[in-house]
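Colleague: Got a structure here, written out as structure tokens. Questions coming.
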Amino acid sequence: MTMQGERAAESSVERLLAGYRRLEDVPDELIGSDGAIRPVWTDLIGALADMETDELSARMARGDQYLRDAGVFYRHYGPQDTVERDWPLSHMPLLIDENEWNGIAEGLIQRADLLEQVVADLYGPNRLVADGHLPAPLVAGNKEWLRPLVGVTPRSGHFLHFLAFDIGRGPDGDWWVLGDRTQAPSGAGFALENRIATARIYSDIFSRLNVERLAGFFRDFRDTLLDLRQSDDSRVAILTPGLHNDTYFEHAYIARYLGFMLLEGEDLTVRDGRLMVRTVAGLSPVSVLLRRLDANWSDPLELNEASRLGTPGMVGAIRSGSVTMVNALGSGVLETRALLAFLPRISEALTGERLKLPNIATWWCGQSREREHVKANAARMTIGDAFATGLPFDLDELSVVGGAMSGEGKGAVEAWIDANATRLVGQEAVTLSTAPAFVDGMLVPRPMSLRLFLARTHDGWRIMPGGFARIGHSTDTPELAMQRGGSVADVWMVKSGPVDQDTMLTQPVAPFVRSQPGVLPSRSADNLFWLGRYVERSETMIRLTRAYHVRLAETAWPDAPLLSDLAGYLVLFGNEPDGSFTESIRTALDSASTSASNVRDRFSLDGWLALTDIDKTIHRIASTATPGDDLARGMGVLLRKLSGFSGLVHENMYRFTGWRFLSIGRALERAIAMTNLLARYADPAAPDGAFDLALEVGDSAMSHRRRYAVATNRETIIDLLAIDPLNPRSIVHQFDQLREHFGYLPGAERHRPTTELQRVMLKTHAALATHTAETLDTDALREVGADIAALSGELDRTYFR
């Protein structure tokens with residue numbers, strides 16, 4: 001580069017960093033103590049400096065759009081309600097060079113081994129308490145120390161398999177451990193999504209910066225879990241609290257990424273000491289469970305009896321050695337804030353080594369000398385709950401910052417400490433290093449902490465070569481939390497040379513054999529079945545509503561006999577008699593979205609986006625469109641989008657058992673809707689125009705014109721919409737579809753006796769097929785409707801319950 005070019009580059013970097021001012025006495029990740037940009041950042045900052053403002057904004061928008069399309073969200077818990085919010089991506093990644101990263105990894109692996117020894121002792125010989133290295137009250141009084149698990153050795157031989165650590169850089173420039181995450185560490189899935197979004201923003205830069213890939217870490221962890229199974233026919237599963245958990249998106253994402261089942265407590269049962277999943281084919285063994293549910297909620301028999309999230313007998317299955325829990329129940333005791341005060345001494349006692357990564361200075365007030373130290377230095381500390389598991393700056397109702405209580409003096413604080421000594425710890429006030437973040441298009445320094453992940457593999461602990469950084473909303477450290485406006489950045493571990501192009505694929509060691517489709521949990525089948533029903537119900541409601549508003553636009557007379565009757569019919573579906581009749585559509589689509597959310601791990605991204613778009617469309621139409629022509633057009637738009645969704649699912653979904661249940665739900669709902677429609681509008685006493693209405697709602701007007709040379713009459717309507725097997729809208733066609741799908745369900749194999757479900761279906765199908773257009777009157781249609789309801793109930797009893 002010429003001298004003129006170098007000066008131009010320097011000038012562009014100066015413009016980029018014009019608002020960046022390193023805070024006094026605070027280390028900065030971008031700017032070194034000498035005032036120069038750290039070498040690991042040079043290429044990225046140079047590339048950003050060459051971009052125009054519009055280009056940079058477009059890149060950021062691309063990353064944000066990816067996260068919205070992928071449905072990445074977190075739940076914000078407010079004082080009144082809980083809302084889903086977009087994932088708060090910080091568009092500036094955090095860069096760490098390979099040498100510094102290796103030092104962090106070495107310290108965290110040492111800490112992981114230490115924590116394994118500590119938890120093994122707490123549930124085993126308990127020598128740490130006996131030898132005076134750990135006060136007994138911190139164990140016995142800790143709700144995360146689970147007495148039913150004492151003496152239980154994990155089947156795998158290890159208590160800990162997956163860990164997360166929150167670390168930060170202190171004023172001296174060294175890294176500290178702020179907290180250990182051993183209970184059910186969260187965030188690895190979000191780190192993956194952060195990586196994808198950030199790589200899209202900086203795709204050209206990312207590819208040339210030698211950033212270590214994440215896939216190899218997850219591949220090794222997945223393969224290790226698979227090898228922990230008792231047999232090849234047993235399963236690895238992820239246990240989630242369910243849809244309303246704040247990190248449910250991550251649970252579903254990781255389940256898809258690793259290829260494991262996502263289960264809730266109700267999906268599991270214990271039989272003869274073995275953990276089993278309820279599937280549509282019967283009970284199937286689960287021998288490895290990656291737990292995202294807090295331990296105390298996992299078994300209402302031996303742990304928290306109020307739990308509705310766990311599985312009765314879970315602890316018994318663990319005790320019998322039939323299942324490996326990742327991580328072991330009771331490992332959450334290691335997250336206790338007060339334990340940080342004793343880990344340095346415990347490390348020297350157990351390993352003869354000092355901690356390579358020290359944790360934040362902590363003093364337990366249950367010891368007299370430490371209590372006096374906290375009281376004397378309270379102004380420089382955060383004093384809080386000894387048994388809490390949050391970070392030092394995650395304040396709770398028991399926290400006191402800076403030695404002052406609201407409206408009270410120093411004496412009140414000291415008296416409070418004395419009165420609650422065993423329940424309190426003092427921790428050194430945290431001043432974290434700053435990292436660059438974009439605010440209003442400008443780079444500014446913001447406090448940050450890192451969350452990093454370790455997984456136990458065949459070769460020992462392996463650190464994820466990345467993670468995520470929590471970036472503060474302001475210069476105050478407590479503003480790191482997302483609940484308080486903080487954001488999350490990708491972490492790039494930059495190597496000095498080329499990186500391996502790791503993927504989730506493993507090298508084959510044997511000839512290829514096509515694997516059998518996985519088992520389908522009964523709850524997933526139930527949700528897929530109802531997803532099919534709700535989508536079909538939405539279509540029926542849309543067609544009925546459109547028919548009403550088309551006729552209203554043509555006559556402008558809502559009291560016309562057919563319009564009045566149709567309005568009354570729409571009210572039966574839960575609509576308000578206000579003239580718009582969109583409530584039932586919104587209800588059905590909301591229910592469809594809930595069912596899809598419950599099987600998010602089995603639902604494609606395109607399908608999810610299409611369903612989300614439909615849900616947004618109906619809410620927009622319902623709030624803006626007016627009765628008549630306006631709403632009729634809106635229903636047409638909605639119908640076309642819903643048809644696109646149905647086609648997407650039908651054409652792209654693998655024909656496994658889940659697709660069968662989805663299709664069964666659609667066919668059953670269509671048969672019910674058509675039966676009810678014909679019973680009302682093919683009745684001889686129906687208002688004038690009812691036959692044409694039935695054809696329109698049944699989407700068969702064109703077929704009728706081609707099939708019949710006569711005018712519309714009851715016989716032609718019944719023939720086409722009820723008993724014509726070539727009409728995909730007819731009732732008998734739905735039964736043809738049901739018979740085919742039922743033949744592929746578990747237990748319906750040809751060599752087996754006919755099931756009760758098959759008998760009910762064949763009986764109803766035969767009764768319908770033997771009718772003619774003349775004999776299938778309104779009473780007969782109502783009988784068919786009752787038979788279909790019985791068929792749905794038998795399906796529920798056979799596969800879902």
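We label chains A, B, ... in the order they appear in the structure tokens, count residues from 1 in each chain, and number ligands from 1 in the order shown.
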So that I can see what lies close to A:Ala686, please list as a list in words the residues with an atom at most 12 Å from it, counting only C-alpha atoms and leaving out residues fewer than 2 positions away in the same chain.
Modeller: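 Once the adjacent positions are removed, what remains is Pro561, Leu562, Leu563, Ser564, Asp565, Leu566, Leu677, Leu678, Ala679, Arg680, Tyr681, Ala682, Asp683, Pro684, Asp688, Gly689, Ala690, Phe691, Asp692, Leu693, Ala694, Asn713, Arg714 and Thr778 of chain A.
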Colleague: If you run DSSP over the backbone, which residues in stretch 10-102 of chain A end up alpha helix (DSSP H)? Put them as a PyMOL selection string.
Modeller: chain A and resi 10-16+42-49+53-70+98-102
Colleague: So which one's closest to A:Trp364, A:Glu29, A:Glu669, A:Asp97, A:Asp385? Using only C-alpha atoms, please.
Modeller: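 Ranked by minimum distance to A:Trp364, first place goes to A:Asp385.
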Colleague: Determine the nearest neighbour of A:Gly282 from the options A:Ile463, A:Leu268, A:Leu572, A:Ile104, counting only C-alpha atoms.
Modeller: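 Among the listed residues, the smallest separation from A:Gly282 belongs to A:Leu268.
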Colleague: Tell me which of A:Leu89, A:Val488, A:Leu757, A:Ala773 sits closest to A:Leu745, counting only C-alpha atoms.
Modeller: A:Leu757
Colleague: Need the shell around A:Val40: protein/DNA/RNA residues with any atom at most 9 Å away, counting only C-alpha atoms. Skip same-chain ones fewer than 6 positions apart. Format as a PyMOL selection string?
Modeller: chain A and resi 30+95-97+494
Colleague: Give the answer as one residue: which of A:Arg59, A:Arg446, A:Arg533, A:Arg292 has the shortest atom-to-atom distance to A:Asn245, using only C-alpha atoms?
Modeller: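 Of the candidates, the smallest distance to A:Asn245 is held by A:Arg292.
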Colleague: Extract, using only C-alpha atoms, all DNA, RNA and protein residues at most 10 Å from A:Leu115, discarding same-chain residues fewer than 5 positions from it, and format them as a ChimeraX atom specification.
Modeller: /A:109-110,120-121,159-160,180,182,331,334-335,343,346-347
Colleague: Residues near A:Ser368, anyone? I mean within 10 Å using only C-alpha atoms, not counting same-chain ones fewer than 4 positions away, as a ChimeraX atom specification.
Modeller: /A:364,372-374,418,421
Colleague: Name all residues at most 8 Å from A:Ala164 (count only C-alpha atoms; drop same-chain ones fewer than 2 positions away) and give them as a short mmCIF file (atom, residue, chain, number, x, y, z; two decimals) with N, CA and C atoms, in the first residue's frame.
Modeller:
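This is the output file part_21.cif:
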data_model
loop_
_atom_site.label_atom_id
_atom_site.label_comp_id
_atom_site.auth_asym_id
_atom_site.auth_seq_id
_atom_site.Cartn_x
_atom_site.Cartn_y
_atom_site.Cartn_z
N PHE A 162 -21.77 -31.45 30.64
CA PHE A 162 -21.89 -30.22 29.86
C PHE A 162 -21.95 -29.05 30.82
N ASP A 166 -19.48 -18.32 33.22
CA ASP A 166 -19.52 -16.88 32.96
C ASP A 166 -18.21 -16.30 33.46
N ASP A 180 -20.44 -20.43 37.85
CA ASP A 180 -20.39 -21.77 37.26
C ASP A 180 -21.82 -22.20 36.94
N ARG A 181 -22.03 -22.76 35.77
CA ARG A 181 -23.36 -23.20 35.35
C ARG A 181 -23.33 -24.72 35.16
N THR A 182 -23.88 -25.42 36.16
CA THR A 182 -23.83 -26.88 36.17
C THR A 182 -25.20 -27.52 36.19
N PRO A 185 -27.15 -25.98 31.88
CA PRO A 185 -26.57 -24.79 31.23
C PRO A 185 -27.29 -24.42 29.94
N SER A 186 -27.65 -23.17 29.83
CA SER A 186 -28.36 -22.68 28.65
C SER A 186 -27.45 -21.77 27.84
N ARG A 451 -19.97 -15.98 28.17
CA ARG A 451 -20.43 -17.31 28.56
C ARG A 451 -19.80 -18.31 27.60
N LEU A 452 -19.03 -19.23 28.18
CA LEU A 452 -18.31 -20.24 27.42
C LEU A 452 -18.78 -21.63 27.85
N PHE A 453 -18.61 -22.60 26.96
CA PHE A 453 -19.20 -23.93 27.16
C PHE A 453 -18.14 -25.02 27.04
N LEU A 454 -18.28 -26.02 27.90
CA LEU A 454 -17.42 -27.19 27.87
C LEU A 454 -18.27 -28.44 27.78
#
Colleague: Leaving out A:Leu293 and any residue of its chain fewer than 2 positions from it, which residues lie within 6 Å of it when counting only C-alpha atoms, given as a PyMOL selection string?
Modeller: chain A and resi 240-241+291
Colleague: Contacts between stretch 424-445 of chain A and stretch 161-280 of chain A, please, where a residue of stretch 161-280 of chain A counts if it comes within 9 Å (with only C-alpha atoms); show its shortest atom pair and distance in Å to one decimal, rows by chain and ascending number, as CSV.
Modeller:
residue,atom,partner,partner_atom,distance
A:Gly168,CA,A:Leu432,CA,6.1
A:Arg169,CA,A:Ser433,CA,5.4
A:Gly170,CA,A:Leu432,CA,5.3
A:Pro171,CA,A:Thr431,CA,6.7
A:Gly173,CA,A:Ser433,CA,8.0
Colleague: Could those residues be written to a file, using C-alpha atoms, as a short mmCIF file (atom, residue, chain, number, x, y, z; two decimals), in the first residue's frame?
Modeller:
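Result written to result.cif:
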data_model
loop_
_atom_site.label_atom_id
_atom_site.label_comp_id
_atom_site.auth_asym_id
_atom_site.auth_seq_id
_atom_site.Cartn_x
_atom_site.Cartn_y
_atom_site.Cartn_z
CA GLY A 168 -15.10 -11.44 32.80
CA ARG A 169 -11.86 -9.49 32.58
CA GLY A 170 -11.08 -7.53 35.71
CA PRO A 171 -9.25 -4.22 36.17
CA GLY A 173 -6.45 -7.39 32.81
#
